[in-house]
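Enquirer: Pasting query08.cif below, which is mmCIF, C-alpha atoms and all ligand atoms; chains and numbers go by the auth columns.
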```
data_protein
loop_
_atom_site.group_PDB
_atom_site.id
_atom_site.type_symbol
_atom_site.label_atom_id
_atom_site.label_comp_id
_atom_site.label_asym_id
_atom_site.label_seq_id
_atom_site.Cartn_x
_atom_site.Cartn_y
_atom_site.Cartn_z
_atom_site.B_iso_or_equiv
_atom_site.auth_seq_id
_atom_site.auth_asym_id
ATOM 1 C CA MET A 1 -1.007 23.029 -35.436 0.00 1 A
ATOM 2 C CA THR A 2 -4.544 24.212 -34.997 0.00 2 A
ATOM 3 C CA GLY A 3 -7.651 22.881 -36.612 0.00 3 A
ATOM 4 C CA ARG A 4 -11.304 23.431 -37.155 0.00 4 A
ATOM 5 C CA VAL A 5 -14.019 20.892 -37.812 0.00 5 A
ATOM 6 C CA VAL A 6 -17.463 21.283 -39.305 0.00 6 A
ATOM 7 C CA VAL A 7 -20.060 18.539 -38.945 0.00 7 A
ATOM 8 C CA ASP A 8 -22.751 18.210 -41.605 0.00 8 A
ATOM 9 C CA ARG A 9 -25.742 17.963 -39.290 0.00 9 A
ATOM 10 C CA GLU A 10 -27.919 16.133 -41.802 0.00 10 A
ATOM 11 C CA LEU A 11 -25.283 13.484 -42.580 0.00 11 A
ATOM 12 C CA CYS A 12 -24.497 12.830 -38.925 0.00 12 A
ATOM 13 C CA LYS A 13 -26.282 9.849 -37.352 0.00 13 A
ATOM 14 C CA GLY A 14 -25.017 10.431 -33.825 0.00 14 A
ATOM 15 C CA CYS A 15 -23.001 7.225 -33.574 0.00 15 A
ATOM 16 C CA GLY A 16 -20.426 8.932 -31.347 0.00 16 A
ATOM 17 C CA LEU A 17 -17.342 7.418 -33.011 0.00 17 A
ATOM 18 C CA CYS A 18 -15.787 10.820 -33.598 0.00 18 A
ATOM 19 C CA VAL A 19 -16.383 11.743 -29.960 0.00 19 A
ATOM 20 C CA SER A 20 -14.678 8.553 -28.766 0.00 20 A
ATOM 21 C CA PHE A 21 -11.685 8.735 -31.103 0.00 21 A
ATOM 22 C CA CYS A 22 -10.802 12.430 -30.816 0.00 22 A
ATOM 23 C CA PRO A 23 -7.535 12.498 -28.829 0.00 23 A
ATOM 24 C CA ARG A 24 -8.195 16.051 -27.597 0.00 24 A
ATOM 25 C CA GLU A 25 -11.776 15.584 -26.394 0.00 25 A
ATOM 26 C CA VAL A 26 -12.957 18.318 -28.714 0.00 26 A
ATOM 27 C CA LEU A 27 -16.276 16.785 -29.695 0.00 27 A
ATOM 28 C CA GLU A 28 -19.504 15.871 -27.962 0.00 28 A
ATOM 29 C CA LEU A 29 -22.979 14.731 -28.940 0.00 29 A
ATOM 30 C CA ALA A 30 -25.397 17.636 -28.680 0.00 30 A
ATOM 31 C CA SER A 31 -28.864 17.336 -27.164 0.00 31 A
ATOM 32 C CA GLU A 32 -30.042 18.973 -30.395 0.00 32 A
ATOM 33 C CA VAL A 33 -31.239 16.552 -33.087 0.00 33 A
ATOM 34 C CA ASN A 34 -31.272 16.738 -36.878 0.00 34 A
ATOM 35 C CA SER A 35 -34.277 16.208 -39.150 0.00 35 A
ATOM 36 C CA LYS A 36 -33.880 12.421 -38.825 0.00 36 A
ATOM 37 C CA GLY A 37 -33.973 12.597 -35.040 0.00 37 A
ATOM 38 C CA TYR A 38 -30.267 11.852 -34.520 0.00 38 A
ATOM 39 C CA ARG A 39 -28.233 13.712 -31.935 0.00 39 A
ATOM 40 C CA ILE A 40 -25.475 15.500 -33.804 0.00 40 A
ATOM 41 C CA ALA A 41 -21.782 15.795 -33.044 0.00 41 A
ATOM 42 C CA ARG A 42 -20.458 19.258 -32.345 0.00 42 A
ATOM 43 C CA SER A 43 -17.326 20.954 -31.027 0.00 43 A
ATOM 44 C CA ARG A 44 -17.383 21.371 -27.273 0.00 44 A
ATOM 45 C CA HIS A 45 -13.750 22.522 -27.021 0.00 45 A
ATOM 46 C CA PRO A 46 -12.851 23.833 -30.493 0.00 46 A
ATOM 47 C CA GLU A 47 -9.760 25.546 -29.086 0.00 47 A
ATOM 48 C CA ASN A 48 -8.193 22.118 -28.463 0.00 48 A
ATOM 49 C CA CYS A 49 -8.480 20.913 -32.065 0.00 49 A
ATOM 50 C CA THR A 50 -5.189 20.148 -33.831 0.00 50 A
ATOM 51 C CA GLY A 51 -6.738 19.323 -37.190 0.00 51 A
ATOM 52 C CA CYS A 52 -5.448 15.752 -37.004 0.00 52 A
ATOM 53 C CA ALA A 53 -8.546 14.565 -38.935 0.00 53 A
ATOM 54 C CA ILE A 54 -8.964 11.337 -36.963 0.00 54 A
ATOM 55 C CA CYS A 55 -12.613 12.238 -36.431 0.00 55 A
ATOM 56 C CA ALA A 56 -13.174 12.575 -40.181 0.00 56 A
ATOM 57 C CA LEU A 57 -11.390 9.288 -40.876 0.00 57 A
ATOM 58 C CA VAL A 58 -13.500 7.276 -38.434 0.00 58 A
ATOM 59 C CA CYS A 59 -16.830 8.845 -39.376 0.00 59 A
ATOM 60 C CA PRO A 60 -18.756 6.187 -41.326 0.00 60 A
ATOM 61 C CA ASP A 61 -20.940 8.818 -42.984 0.00 61 A
ATOM 62 C CA ILE A 62 -18.235 11.243 -44.105 0.00 62 A
ATOM 63 C CA ALA A 63 -20.012 13.964 -42.170 0.00 63 A
ATOM 64 C CA ILE A 64 -16.946 15.843 -40.922 0.00 64 A
ATOM 65 C CA MET A 65 -14.739 18.331 -42.737 0.00 65 A
ATOM 66 C CA VAL A 66 -11.437 19.366 -41.174 0.00 66 A
ATOM 67 C CA TRP A 67 -9.180 22.348 -41.775 0.00 67 A
ATOM 68 C CA GLN A 68 -5.659 22.449 -40.420 0.00 68 A
ATOM 69 C CA SER A 69 -3.363 25.429 -40.144 0.00 69 A
ATOM 70 C CA LYS A 70 0.027 26.275 -38.681 0.00 70 A
ATOM 71 C CA ASP A 71 -1.374 29.677 -37.781 0.00 71 A
ATOM 72 C CA SER A 72 -4.302 29.697 -35.364 0.00 72 A
ATOM 73 C CA LYS A 73 -5.635 32.871 -36.989 0.00 73 A
ATOM 74 C CA GLU A 74 -5.906 31.086 -40.351 0.00 74 A
ATOM 75 C CA ALA A 75 -7.772 28.170 -38.790 0.00 75 A
ATOM 76 C CA MET A 76 -10.519 30.312 -37.369 0.00 76 A
HETATM 77 S S1 LIG B . -9.404 17.049 -36.082 0.00 101 B
HETATM 78 FE FE1 LIG B . -8.470 15.764 -34.449 0.00 101 B
HETATM 79 S S2 LIG B . -8.387 17.106 -32.650 0.00 101 B
HETATM 80 FE FE2 LIG B . -9.820 18.058 -34.112 0.00 101 B
HETATM 81 S S3 LIG B . -11.861 17.312 -33.499 0.00 101 B
HETATM 82 FE FE3 LIG B . -11.068 15.905 -35.079 0.00 101 B
HETATM 83 S S4 LIG B . -10.034 14.223 -33.966 0.00 101 B
HETATM 84 FE FE4 LIG B . -10.328 15.957 -32.539 0.00 101 B
HETATM 85 S S1 LIG B . -18.716 9.741 -36.432 0.00 102 B
HETATM 86 FE FE1 LIG B . -19.887 10.885 -37.998 0.00 102 B
HETATM 87 S S2 LIG B . -21.970 10.080 -37.879 0.00 102 B
HETATM 88 FE FE2 LIG B . -20.905 9.449 -35.994 0.00 102 B
HETATM 89 S S3 LIG B . -21.401 11.095 -34.504 0.00 102 B
HETATM 90 FE FE3 LIG B . -19.475 11.642 -35.488 0.00 102 B
HETATM 91 S S4 LIG B . -20.043 12.996 -37.216 0.00 102 B
HETATM 92 FE FE4 LIG B . -21.882 11.898 -36.561 0.00 102 B
#
```
Will you turn the file into C-alpha cells for me?

Expert:
Amino acid sequence: MTGRVVVDRELCKGCGLCVSFCPREVLELASEVNSKGYRIARSRHPENCTGCAICALVCPDIAIMVWQSKDSKEAM
C-alpha cells in the first residue's frame, strides 16, 4: 500500500501529534508558519507513507486528508 497526505496549512496548529504517531516517520513540523503563526506539519519522507491514516485520526483539528492506493502510481 502507498499513501499520500495533504495538510490544510490553515487548520494545522502545529501540535505535532501527527508527527509523533506516524509509524513511518513521514511527517515533520516545518519552520514555515501559517497565518496564525503556527508551524505546520508537512511530509518529510512522502515515499514512506502507507496511507494508514493514523495521522488523520489523531489530528485534533481534522487538518489532514489521506489517500491510499494499492498502486504507487495512483497514489501520486
Ligand atoms: S497515512 Fe500513515 S504513514 Fe502516511 S503520514 Fe499518515 S500516519 Fe504516516
Ligand atoms: S496533528 Fe493536526 S494540528 Fe497537529 S501538527 Fe498534525 S496536522 Fe497540525

Enquirer: Specify as a ChimeraX atom specification each residue included when the PyMOL selection byres (((chain A and resi 14) around 12) and not hetatm) is applied to this file.

Expert: /A:7-13,15-20,27-34,36-42,59-61,63

Enquirer: Can I get the residues of chain A within 8 Å of ligand LIG 101 (chain B), each with the closest pair of atoms and their distance in Å to one decimal, using all atoms listed in the file, sorted chain first then ascending number, as a tab-separated table?

Expert:
```
residue	atom	partner	partner_atom	distance
A:Gly3	CA	B:LIG101	FE2	5.8
A:Arg4	CA	B:LIG101	FE2	6.4
A:Val5	CA	B:LIG101	S3	6.0
A:Cys18	CA	B:LIG101	S4	6.7
A:Val19	CA	B:LIG101	FE4	7.8
A:Phe21	CA	B:LIG101	S4	6.4
A:Cys22	CA	B:LIG101	S4	3.7
A:Pro23	CA	B:LIG101	FE4	5.8
A:Arg24	CA	B:LIG101	S2	5.2
A:Glu25	CA	B:LIG101	FE4	6.3
A:Val26	CA	B:LIG101	S3	5.0
A:Leu27	CA	B:LIG101	S3	5.9
A:Ser43	CA	B:LIG101	S3	7.0
A:Pro46	CA	B:LIG101	S3	7.2
A:Asn48	CA	B:LIG101	S2	6.5
A:Cys49	CA	B:LIG101	FE2	3.8
A:Thr50	CA	B:LIG101	S2	4.6
A:Gly51	CA	B:LIG101	S1	3.7
A:Cys52	CA	B:LIG101	FE1	4.0
A:Ala53	CA	B:LIG101	S1	3.9
A:Ile54	CA	B:LIG101	S4	4.3
A:Cys55	CA	B:LIG101	S4	4.1
A:Ala56	CA	B:LIG101	FE3	6.4
A:Val66	CA	B:LIG101	S1	6.0
A:Trp67	CA	B:LIG101	S1	7.8
A:Gln68	CA	B:LIG101	S1	7.9
```

Enquirer: Which of these, A:Met1, A:Ser35, A:Val6, A:Asp71, has the shortest distance to ligand LIG 102 (chain B) once you count all atoms listed in the file?

Expert: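 When distances to ligand LIG 102 (chain B) are compared using all atoms listed in the file, the smallest one comes from A:Val6.
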
Enquirer: Adding 3 Å on each side of the box along x, y and z that holds all listed atoms of ligand LIG 102 (chain B), could you give its centre and edge lengths in Å to one decimal, as lines of an AutoDock Vina configuration file?

Expert:
```
center_x = -20.3
center_y = 11.2
center_z = -36.3
size_x = 9.3
size_y = 9.5
size_z = 9.5
```
